Amino acid sequence: MKSSRILTRLAASVLALALTGSAFAKSVELLNVSYDPTRELYVEYNAAFAKYWKAKTGDDVVVKQSHGGAAKQARSVIDGLQADVVTLALSYDIDEISEKAKLFPADWQKRLPYNSAPYTSTIVFVVRKGNPKGIKDWSDIVKPGVSVITPNPKTSGGARWNYLAAWAYALEKNGGSEEAAKKFVADLYKNVPVLDSGARGSTTTFVQRGIGDVFLSWENEAFLALKEFGADKFEIITPSLSILAEPPVTVVDKNAKKKGSTEVAKAYLEYLYSPEGQEIAGRNFYRPNVPEAKAKFAGQFVNVKLITIDEVFGGWQKAQKTHFADGGFFDQIYLKK
Amino acid sequence: MSRSHRSVIPGFGLSLGLTITYLSLIVLLPLSAAFIKTSGLTWEEFKTAVFSPRVLASYRISFLASFAAASLNCVFGLIVAWVLVRYPFPGRRVVDALVDLPFALPTAVAGIALTALYAPNGWLGHWLDPIWSSFVHKLADVFPFVDWVGLLGAKLAFDRPGIFIALTFIGLPFVVRTLQPIIEELEPEFEEASASLGANRWQTITRVIFPQLLPALITGFAMAFARALGEYGSVVFISGNMPMRTEITPLLIITKLEQYDYAGATAIAVVMLVASFTLLLIINLLQKWSRRHHAV
């Protein structure tokens, strides 16, 4: 297998040599279509991977990045953006690519370990220094007079995690009563003054514009905000219960095949699970999923009870339909007013 | 124009053919794509897509804010254009070039800049917000519509006024640039003649100057209005994007697209197209009428 691969590559480079007379190493370009807060992670990871790939194969690989709200990104790929790999905020959006554009099989999530999520994250609160509103848990942010910043769950993957985490908390507190959860989430959104379309926009609103008392954020984005804008201005509060967010990754088979980048695209994602890949994820405040790396970074993250979308909501497809589709629970919140 | 009456300028057939082909390619083809995509919906689906309460609220916001912004631009655009043409002052060329900036600036940049300015912690926002809110309260005592359009208690940024601010910003050059050439052609002799015939200043303005500017003003209004209706980039940063309150129709279209609801998105787009087209047609007729009635 390996030797035949080397042979093919040899043949290819001989051919390239014959054709151009000068090319020794191939130069490959990958396009990674990702969601909003992974910018820093993939800047670092791409450089590490390029080095690794150069050492392994002698080929140069340039990874281009595209970032934005997860749904918008998925739609770009459906509409024909030539992504070799997608690394999005939640599996629903990747499911949609598979279903609508048939670019890879529907069981894509089984192709890589841990549900194809090399790293996980969760939802935490960011509050202003000193926590002036005394926010400790979900029940504090639905109180009148507390202003909450979260993006629009219809367009932002992160915002859907926020919404579902709040819902799960209310379910647990109220013995599984859906009515109570509905009211809880409605109260929460009554406290939201601005709905940005993506997670990065919300960070800007909270940090730069100074709007809101609490910002529901990806854990990694929260750490990043603290690192970038100063721990003297903000604090991270971890609620008693949150949701296990698994941002999955996959190769876009048909695009990669067309561009002849299947091999490097696969290696690109697999390397995310390597010690170096996991280390970079941890350094960028994602929770590594491979046990050794997980243990190494354990001190960085607060241990919090994490529920999963499958156990509470029966998977993304179902959650999407009940909560975020047109006329779903989220829409009902705003129509009632 | 009838063809039996031969034009002095040759090449009518060729140029008309070229015009129609070009317009079809550039304008009609993309627009008809929207109609075709929508035709895949049943009437019921179409109705829920375009007449749900949230969508209706967004039409109201989009049309009202665009109308208000274009109206304000007519007032100040007229003044700006007048000053730029009639009064030589140092730096006039620079100011003249400044007017075009909203044309050239990427709308997202405009949106971010405006938000940074008008946000409660922004340079303008932190002292304008209190003035604005007390002003609105006083205004609401006199004009109840202030409350009706939801301005009471609204901050400048991240609320309805923000939409208006952004739309005013992007619309200004349309009014100024359509008025400038007309004012340039307006000989000061007209005013002098009017004055020497015994008209006072107010009469000169309303009876001599304004009627000549009106058609161009209407054109400028129509362009600023149309541009505002379609504006997306700058508004989403400053509006707060709250459903039922500050969600403009273009944002709703994007939201639908991001939910992979292509047909629903194009259905709303079709409604916007038809409404805008009707409005522009009415404005054009109005302009024709004003040209006929106020022609000098």
# chains A, B, ... in the order shown; residues from 1 in each chain; ligands from 1
$ interface_residues --of "chain B" --to "chain A" --cutoff "10 Å" --atoms "only C-alpha atoms" --output "PyMOL selection string"
chain B and resi 48-49+52-54+115-122+157-159+236-247+251+254-261
$ residues_around --residues "A:Lys296" --least-positions-apart "2" --cutoff "12 Å" --atoms "only C-alpha atoms" --output "PDB file with all heavy atoms, in the first residue's frame"
ATOM      1  N   PRO A 275      -0.122  13.724  18.413  1.00  0.00           N
ATOM      2  CA  PRO A 275       0.235  14.497  19.613  1.00  0.00           C
ATOM      3  C   PRO A 275       0.410  15.981  19.318  1.00  0.00           C
ATOM      4  O   PRO A 275      -0.051  16.825  20.084  1.00  0.00           O
ATOM      5  CB  PRO A 275       1.557  13.856  20.057  1.00  0.00           C
ATOM      6  CG  PRO A 275       1.483  12.459  19.537  1.00  0.00           C
ATOM      7  CD  PRO A 275       0.706  12.516  18.265  1.00  0.00           C
ATOM      8  N   GLN A 278      -3.030  17.642  18.644  1.00  0.00           N
ATOM      9  CA  GLN A 278      -3.791  17.744  19.892  1.00  0.00           C
ATOM     10  C   GLN A 278      -3.219  18.840  20.789  1.00  0.00           C
ATOM     11  O   GLN A 278      -3.947  19.584  21.437  1.00  0.00           O
ATOM     12  CB  GLN A 278      -3.766  16.396  20.620  1.00  0.00           C
ATOM     13  CG  GLN A 278      -4.558  15.315  19.907  1.00  0.00           C
ATOM     14  CD  GLN A 278      -6.041  15.460  20.149  1.00  0.00           C
ATOM     15  OE1 GLN A 278      -6.514  15.342  21.264  1.00  0.00           O
ATOM     16  NE2 GLN A 278      -6.794  15.725  19.103  1.00  0.00           N
ATOM     17  N   GLU A 279      -1.891  18.920  20.773  1.00  0.00           N
ATOM     18  CA  GLU A 279      -1.200  19.944  21.562  1.00  0.00           C
ATOM     19  C   GLU A 279      -1.635  21.345  21.088  1.00  0.00           C
ATOM     20  O   GLU A 279      -1.945  22.225  21.888  1.00  0.00           O
ATOM     21  CB  GLU A 279       0.310  19.737  21.364  1.00  0.00           C
ATOM     22  CG  GLU A 279       1.181  20.831  21.943  1.00  0.00           C
ATOM     23  CD  GLU A 279       1.583  20.557  23.382  1.00  0.00           C
ATOM     24  OE1 GLU A 279       1.581  19.375  23.778  1.00  0.00           O
ATOM     25  OE2 GLU A 279       1.878  21.524  24.107  1.00  0.00           O
ATOM     26  N   ALA A 281      -4.370  22.109  19.493  1.00  0.00           N
ATOM     27  CA  ALA A 281      -5.770  22.319  19.873  1.00  0.00           C
ATOM     28  C   ALA A 281      -5.859  22.777  21.330  1.00  0.00           C
ATOM     29  O   ALA A 281      -6.554  23.741  21.658  1.00  0.00           O
ATOM     30  CB  ALA A 281      -6.573  21.043  19.657  1.00  0.00           C
ATOM     31  N   GLY A 282      -5.123  22.078  22.189  1.00  0.00           N
ATOM     32  CA  GLY A 282      -5.143  22.420  23.612  1.00  0.00           C
ATOM     33  C   GLY A 282      -4.610  23.822  23.867  1.00  0.00           C
ATOM     34  O   GLY A 282      -5.180  24.578  24.644  1.00  0.00           O
ATOM     35  N   ARG A 283      -3.527  24.151  23.153  1.00  0.00           N
ATOM     36  CA  ARG A 283      -2.945  25.488  23.315  1.00  0.00           C
ATOM     37  C   ARG A 283      -3.929  26.563  22.880  1.00  0.00           C
ATOM     38  O   ARG A 283      -3.892  27.686  23.367  1.00  0.00           O
ATOM     39  CB  ARG A 283      -1.671  25.600  22.491  1.00  0.00           C
ATOM     40  CG  ARG A 283      -0.404  25.438  23.295  1.00  0.00           C
ATOM     41  CD  ARG A 283       0.750  26.204  22.685  1.00  0.00           C
ATOM     42  NE  ARG A 283       0.978  25.923  21.281  1.00  0.00           N
ATOM     43  CZ  ARG A 283       1.754  24.939  20.822  1.00  0.00           C
ATOM     44  NH1 ARG A 283       2.350  24.127  21.651  1.00  0.00           N
ATOM     45  NH2 ARG A 283       1.919  24.768  19.536  1.00  0.00           N
ATOM     46  N   ARG A 287     -10.693  21.501  23.897  1.00  0.00           N
ATOM     47  CA  ARG A 287     -10.423  20.341  24.745  1.00  0.00           C
ATOM     48  C   ARG A 287      -9.997  19.181  23.846  1.00  0.00           C
ATOM     49  O   ARG A 287     -10.819  18.690  23.059  1.00  0.00           O
ATOM     50  CB  ARG A 287     -11.676  19.963  25.538  1.00  0.00           C
ATOM     51  CG  ARG A 287     -12.112  21.058  26.495  1.00  0.00           C
ATOM     52  CD  ARG A 287     -13.310  20.658  27.338  1.00  0.00           C
ATOM     53  NE  ARG A 287     -13.605  21.744  28.294  1.00  0.00           N
ATOM     54  CZ  ARG A 287     -14.055  21.527  29.524  1.00  0.00           C
ATOM     55  NH1 ARG A 287     -14.285  20.309  29.951  1.00  0.00           N
ATOM     56  NH2 ARG A 287     -14.285  22.546  30.323  1.00  0.00           N
ATOM     57  N   PRO A 288      -8.742  18.734  23.960  1.00  0.00           N
ATOM     58  CA  PRO A 288      -8.293  17.638  23.095  1.00  0.00           C
ATOM     59  C   PRO A 288      -9.102  16.382  23.406  1.00  0.00           C
ATOM     60  O   PRO A 288      -9.551  16.191  24.530  1.00  0.00           O
ATOM     61  CB  PRO A 288      -6.826  17.444  23.482  1.00  0.00           C
ATOM     62  CG  PRO A 288      -6.440  18.650  24.272  1.00  0.00           C
ATOM     63  CD  PRO A 288      -7.701  19.174  24.887  1.00  0.00           C
ATOM     64  N   ASN A 289      -9.269  15.534  22.392  1.00  0.00           N
ATOM     65  CA  ASN A 289     -10.103  14.352  22.580  1.00  0.00           C
ATOM     66  C   ASN A 289      -9.296  13.076  22.807  1.00  0.00           C
ATOM     67  O   ASN A 289      -9.808  12.093  23.312  1.00  0.00           O
ATOM     68  CB  ASN A 289     -11.027  14.169  21.365  1.00  0.00           C
ATOM     69  CG  ASN A 289     -12.483  14.075  21.808  1.00  0.00           C
ATOM     70  OD1 ASN A 289     -12.763  13.855  22.984  1.00  0.00           O
ATOM     71  ND2 ASN A 289     -13.396  14.238  20.878  1.00  0.00           N
ATOM     72  N   VAL A 290      -8.028  13.074  22.393  1.00  0.00           N
ATOM     73  CA  VAL A 290      -7.190  11.886  22.595  1.00  0.00           C
ATOM     74  C   VAL A 290      -6.755  11.856  24.059  1.00  0.00           C
ATOM     75  O   VAL A 290      -6.303  12.871  24.591  1.00  0.00           O
ATOM     76  CB  VAL A 290      -5.969  11.943  21.644  1.00  0.00           C
ATOM     77  CG1 VAL A 290      -5.032  10.783  21.913  1.00  0.00           C
ATOM     78  CG2 VAL A 290      -6.429  11.962  20.193  1.00  0.00           C
ATOM     79  N   PRO A 291      -6.913  10.696  24.740  1.00  0.00           N
ATOM     80  CA  PRO A 291      -6.737  10.630  26.183  1.00  0.00           C
ATOM     81  C   PRO A 291      -5.449  11.257  26.714  1.00  0.00           C
ATOM     82  O   PRO A 291      -5.490  12.018  27.698  1.00  0.00           O
ATOM     83  CB  PRO A 291      -6.773   9.126  26.471  1.00  0.00           C
ATOM     84  CG  PRO A 291      -7.616   8.566  25.381  1.00  0.00           C
ATOM     85  CD  PRO A 291      -7.396   9.428  24.176  1.00  0.00           C
ATOM     86  N   GLU A 292      -4.285  10.980  26.064  1.00  0.00           N
ATOM     87  CA  GLU A 292      -3.017  11.507  26.607  1.00  0.00           C
ATOM     88  C   GLU A 292      -3.045  13.030  26.638  1.00  0.00           C
ATOM     89  O   GLU A 292      -2.678  13.666  27.625  1.00  0.00           O
ATOM     90  CB  GLU A 292      -1.822  11.058  25.761  1.00  0.00           C
ATOM     91  CG  GLU A 292      -1.575   9.560  25.728  1.00  0.00           C
ATOM     92  CD  GLU A 292      -2.424   8.860  24.680  1.00  0.00           C
ATOM     93  OE1 GLU A 292      -2.308   9.216  23.503  1.00  0.00           O
ATOM     94  OE2 GLU A 292      -3.217   7.976  25.051  1.00  0.00           O
ATOM     95  N   ALA A 293      -3.481  13.628  25.515  1.00  0.00           N
ATOM     96  CA  ALA A 293      -3.509  15.083  25.434  1.00  0.00           C
ATOM     97  C   ALA A 293      -4.556  15.643  26.387  1.00  0.00           C
ATOM     98  O   ALA A 293      -4.382  16.693  27.001  1.00  0.00           O
ATOM     99  CB  ALA A 293      -3.808  15.519  24.008  1.00  0.00           C
ATOM    100  N   LYS A 294      -5.656  14.907  26.496  1.00  0.00           N
ATOM    101  CA  LYS A 294      -6.733  15.316  27.401  1.00  0.00           C
ATOM    102  C   LYS A 294      -6.194  15.460  28.814  1.00  0.00           C
ATOM    103  O   LYS A 294      -6.435  16.452  29.505  1.00  0.00           O
ATOM    104  CB  LYS A 294      -7.811  14.219  27.371  1.00  0.00           C
ATOM    105  CG  LYS A 294      -9.224  14.720  27.554  1.00  0.00           C
ATOM    106  CD  LYS A 294     -10.156  13.521  27.483  1.00  0.00           C
ATOM    107  CE  LYS A 294     -11.551  13.916  27.084  1.00  0.00           C
ATOM    108  NZ  LYS A 294     -12.378  12.760  26.738  1.00  0.00           N
ATOM    109  N   ALA A 298      -5.790  18.846  31.231  1.00  0.00           N
ATOM    110  CA  ALA A 298      -6.900  18.786  32.184  1.00  0.00           C
ATOM    111  C   ALA A 298      -6.926  19.999  33.117  1.00  0.00           C
ATOM    112  O   ALA A 298      -7.996  20.513  33.461  1.00  0.00           O
ATOM    113  CB  ALA A 298      -6.836  17.502  32.985  1.00  0.00           C
ATOM    114  N   GLY A 299      -5.744  20.460  33.496  1.00  0.00           N
ATOM    115  CA  GLY A 299      -5.673  21.571  34.438  1.00  0.00           C
ATOM    116  C   GLY A 299      -6.198  22.877  33.876  1.00  0.00           C
ATOM    117  O   GLY A 299      -6.568  23.790  34.611  1.00  0.00           O
ATOM    118  N   GLN A 300      -6.230  22.975  32.554  1.00  0.00           N
ATOM    119  CA  GLN A 300      -6.611  24.231  31.914  1.00  0.00           C
ATOM    120  C   GLN A 300      -8.129  24.472  31.962  1.00  0.00           C
ATOM    121  O   GLN A 300      -8.586  25.603  31.921  1.00  0.00           O
ATOM    122  CB  GLN A 300      -6.128  24.180  30.462  1.00  0.00           C
ATOM    123  CG  GLN A 300      -6.337  25.434  29.680  1.00  0.00           C
ATOM    124  CD  GLN A 300      -5.665  25.318  28.305  1.00  0.00           C
ATOM    125  OE1 GLN A 300      -4.484  25.069  28.176  1.00  0.00           O
ATOM    126  NE2 GLN A 300      -6.450  25.469  27.266  1.00  0.00           N
ATOM    127  N   PHE A 301      -8.886  23.383  32.028  1.00  0.00           N
ATOM    128  CA  PHE A 301     -10.338  23.510  31.924  1.00  0.00           C
ATOM    129  C   PHE A 301     -11.037  23.132  33.227  1.00  0.00           C
ATOM    130  O   PHE A 301     -10.627  22.201  33.909  1.00  0.00           O
ATOM    131  CB  PHE A 301     -10.872  22.623  30.803  1.00  0.00           C
ATOM    132  CG  PHE A 301     -10.216  22.880  29.483  1.00  0.00           C
ATOM    133  CD1 PHE A 301      -9.287  21.997  28.961  1.00  0.00           C
ATOM    134  CD2 PHE A 301     -10.527  24.014  28.759  1.00  0.00           C
ATOM    135  CE1 PHE A 301      -8.675  22.245  27.746  1.00  0.00           C
ATOM    136  CE2 PHE A 301      -9.928  24.272  27.542  1.00  0.00           C
ATOM    137  CZ  PHE A 301      -9.004  23.383  27.026  1.00  0.00           C
TER     138      PHE A 301
END
$ residues_around --residues "A:Ile307" --least-positions-apart "3" --cutoff "7 Å" --atoms "only C-alpha atoms" --output "JSON, numbers by chain"
{"A": [242, 243, 244]}
$ write_last_selection --atoms "C-alpha atoms" --output "tab-separated table (two decimals), in the first residue's frame"
chain	number	residue	atom	x	y	z
A	242	SER	CA	-23.11	22.74	29.97
A	243	ILE	CA	-23.16	20.94	26.67
A	244	LEU	CA	-20.46	18.87	25.05
$ atom_distance --atom1 "atom CA of A:Leu30" --atom2 "atom CA of A:Tyr45"
13.1 Å
$ select_by_dssp --residues "stretch 42-278 of chain A" --states "strand (DSSP E)" --output "count of residues only"
35
$ closest_residue --among "B:Leu273, B:Thr249, B:Ala265, B:Arg92" --to "B:Tyr59" --atoms "only C-alpha atoms"
B:Thr249
$ atom_distance --atom1 "atom CA of A:Val33" --atom2 "atom CA of A:Ile309"
23.4 Å
$ residues_around --residues "stretch 34-40 of chain A" --least-positions-apart "2" --cutoff "6 Å" --atoms "only C-alpha atoms" --output "PyMOL selection string"
chain A and resi 42-43+66-70+86-89
$ atom_distance --atom1 "atom CA of B:Asn284" --atom2 "atom CA of B:Met223"
10.8 Å
$ decode --residues "stretch 185-219 of chain B" --atoms "N, CA and C atoms" --output "compact mmCIF listing (two decimals), in the first residue's frame"
# COMPACT_ATOMS: atom_id res chain seq x y z
N GLU B 185 -26.39 73.96 -14.10
CA GLU B 185 -27.02 74.55 -15.28
C GLU B 185 -27.96 75.69 -14.93
N LEU B 186 -28.31 75.75 -13.67
CA LEU B 186 -29.26 76.76 -13.23
C LEU B 186 -28.56 78.11 -13.16
N GLU B 187 -28.81 78.95 -14.17
CA GLU B 187 -28.09 80.22 -14.22
C GLU B 187 -28.55 81.14 -13.09
N PRO B 188 -27.61 81.80 -12.42
CA PRO B 188 -28.00 82.76 -11.37
C PRO B 188 -28.87 83.87 -11.96
N GLU B 189 -28.80 84.05 -13.28
CA GLU B 189 -29.61 85.10 -13.92
C GLU B 189 -31.11 84.89 -13.66
N PHE B 190 -31.50 83.63 -13.57
CA PHE B 190 -32.91 83.34 -13.28
C PHE B 190 -33.34 84.01 -11.98
N GLU B 191 -32.46 83.83 -10.99
CA GLU B 191 -32.79 84.38 -9.68
C GLU B 191 -32.80 85.91 -9.75
N GLU B 192 -31.83 86.44 -10.48
CA GLU B 192 -31.77 87.90 -10.59
C GLU B 192 -33.02 88.43 -11.30
N ALA B 193 -33.39 87.73 -12.36
CA ALA B 193 -34.59 88.14 -13.09
C ALA B 193 -35.81 88.09 -12.19
N SER B 194 -35.88 87.02 -11.44
CA SER B 194 -37.01 86.85 -10.54
C SER B 194 -37.05 87.98 -9.51
N ALA B 195 -35.85 88.31 -9.00
CA ALA B 195 -35.79 89.38 -7.99
C ALA B 195 -36.16 90.72 -8.62
N SER B 196 -35.67 90.96 -9.85
CA SER B 196 -35.95 92.25 -10.46
C SER B 196 -37.41 92.38 -10.87
N LEU B 197 -38.08 91.23 -11.00
CA LEU B 197 -39.51 91.29 -11.30
C LEU B 197 -40.34 91.42 -10.03
N GLY B 198 -39.64 91.54 -8.92
CA GLY B 198 -40.35 91.84 -7.69
C GLY B 198 -40.63 90.66 -6.79
N ALA B 199 -40.05 89.49 -7.08
CA ALA B 199 -40.29 88.36 -6.19
C ALA B 199 -39.39 88.47 -4.97
N ASN B 200 -39.93 88.05 -3.82
CA ASN B 200 -39.05 88.03 -2.66
C ASN B 200 -38.25 86.72 -2.67
N ARG B 201 -37.38 86.56 -1.68
CA ARG B 201 -36.49 85.39 -1.72
C ARG B 201 -37.25 84.07 -1.66
N TRP B 202 -38.23 84.04 -0.82
CA TRP B 202 -39.01 82.81 -0.65
C TRP B 202 -39.70 82.45 -1.96
N GLN B 203 -40.26 83.48 -2.61
CA GLN B 203 -40.94 83.22 -3.90
C GLN B 203 -39.94 82.72 -4.94
N THR B 204 -38.75 83.33 -4.94
CA THR B 204 -37.73 82.89 -5.90
C THR B 204 -37.39 81.42 -5.68
N ILE B 205 -37.26 81.06 -4.41
CA ILE B 205 -36.89 79.67 -4.13
C ILE B 205 -38.02 78.73 -4.53
N THR B 206 -39.23 79.04 -4.08
CA THR B 206 -40.32 78.08 -4.30
C THR B 206 -40.86 78.11 -5.71
N ARG B 207 -40.82 79.27 -6.37
CA ARG B 207 -41.46 79.36 -7.68
C ARG B 207 -40.47 79.24 -8.83
N VAL B 208 -39.20 79.61 -8.58
CA VAL B 208 -38.25 79.60 -9.68
C VAL B 208 -37.24 78.46 -9.56
N ILE B 209 -36.61 78.36 -8.40
CA ILE B 209 -35.52 77.37 -8.28
C ILE B 209 -36.06 75.97 -8.07
N PHE B 210 -36.92 75.82 -7.07
CA PHE B 210 -37.34 74.48 -6.68
C PHE B 210 -37.98 73.67 -7.81
N PRO B 211 -38.90 74.29 -8.59
CA PRO B 211 -39.52 73.51 -9.66
C PRO B 211 -38.51 72.93 -10.64
N GLN B 212 -37.40 73.63 -10.84
CA GLN B 212 -36.42 73.11 -11.78
C GLN B 212 -35.61 71.98 -11.17
N LEU B 213 -35.50 71.99 -9.86
CA LEU B 213 -34.72 70.95 -9.19
C LEU B 213 -35.54 69.71 -8.90
N LEU B 214 -36.85 69.89 -8.87
CA LEU B 214 -37.72 68.80 -8.40
C LEU B 214 -37.52 67.47 -9.14
N PRO B 215 -37.52 67.47 -10.49
CA PRO B 215 -37.34 66.16 -11.14
C PRO B 215 -36.06 65.46 -10.72
N ALA B 216 -34.96 66.21 -10.65
CA ALA B 216 -33.69 65.60 -10.25
C ALA B 216 -33.76 65.13 -8.80
N LEU B 217 -34.44 65.90 -7.98
CA LEU B 217 -34.58 65.54 -6.57
C LEU B 217 -35.34 64.22 -6.45
N ILE B 218 -36.38 64.10 -7.26
CA ILE B 218 -37.15 62.85 -7.23
C ILE B 218 -36.28 61.68 -7.68
N THR B 219 -35.49 61.89 -8.73
CA THR B 219 -34.58 60.82 -9.17
C THR B 219 -33.62 60.44 -8.05
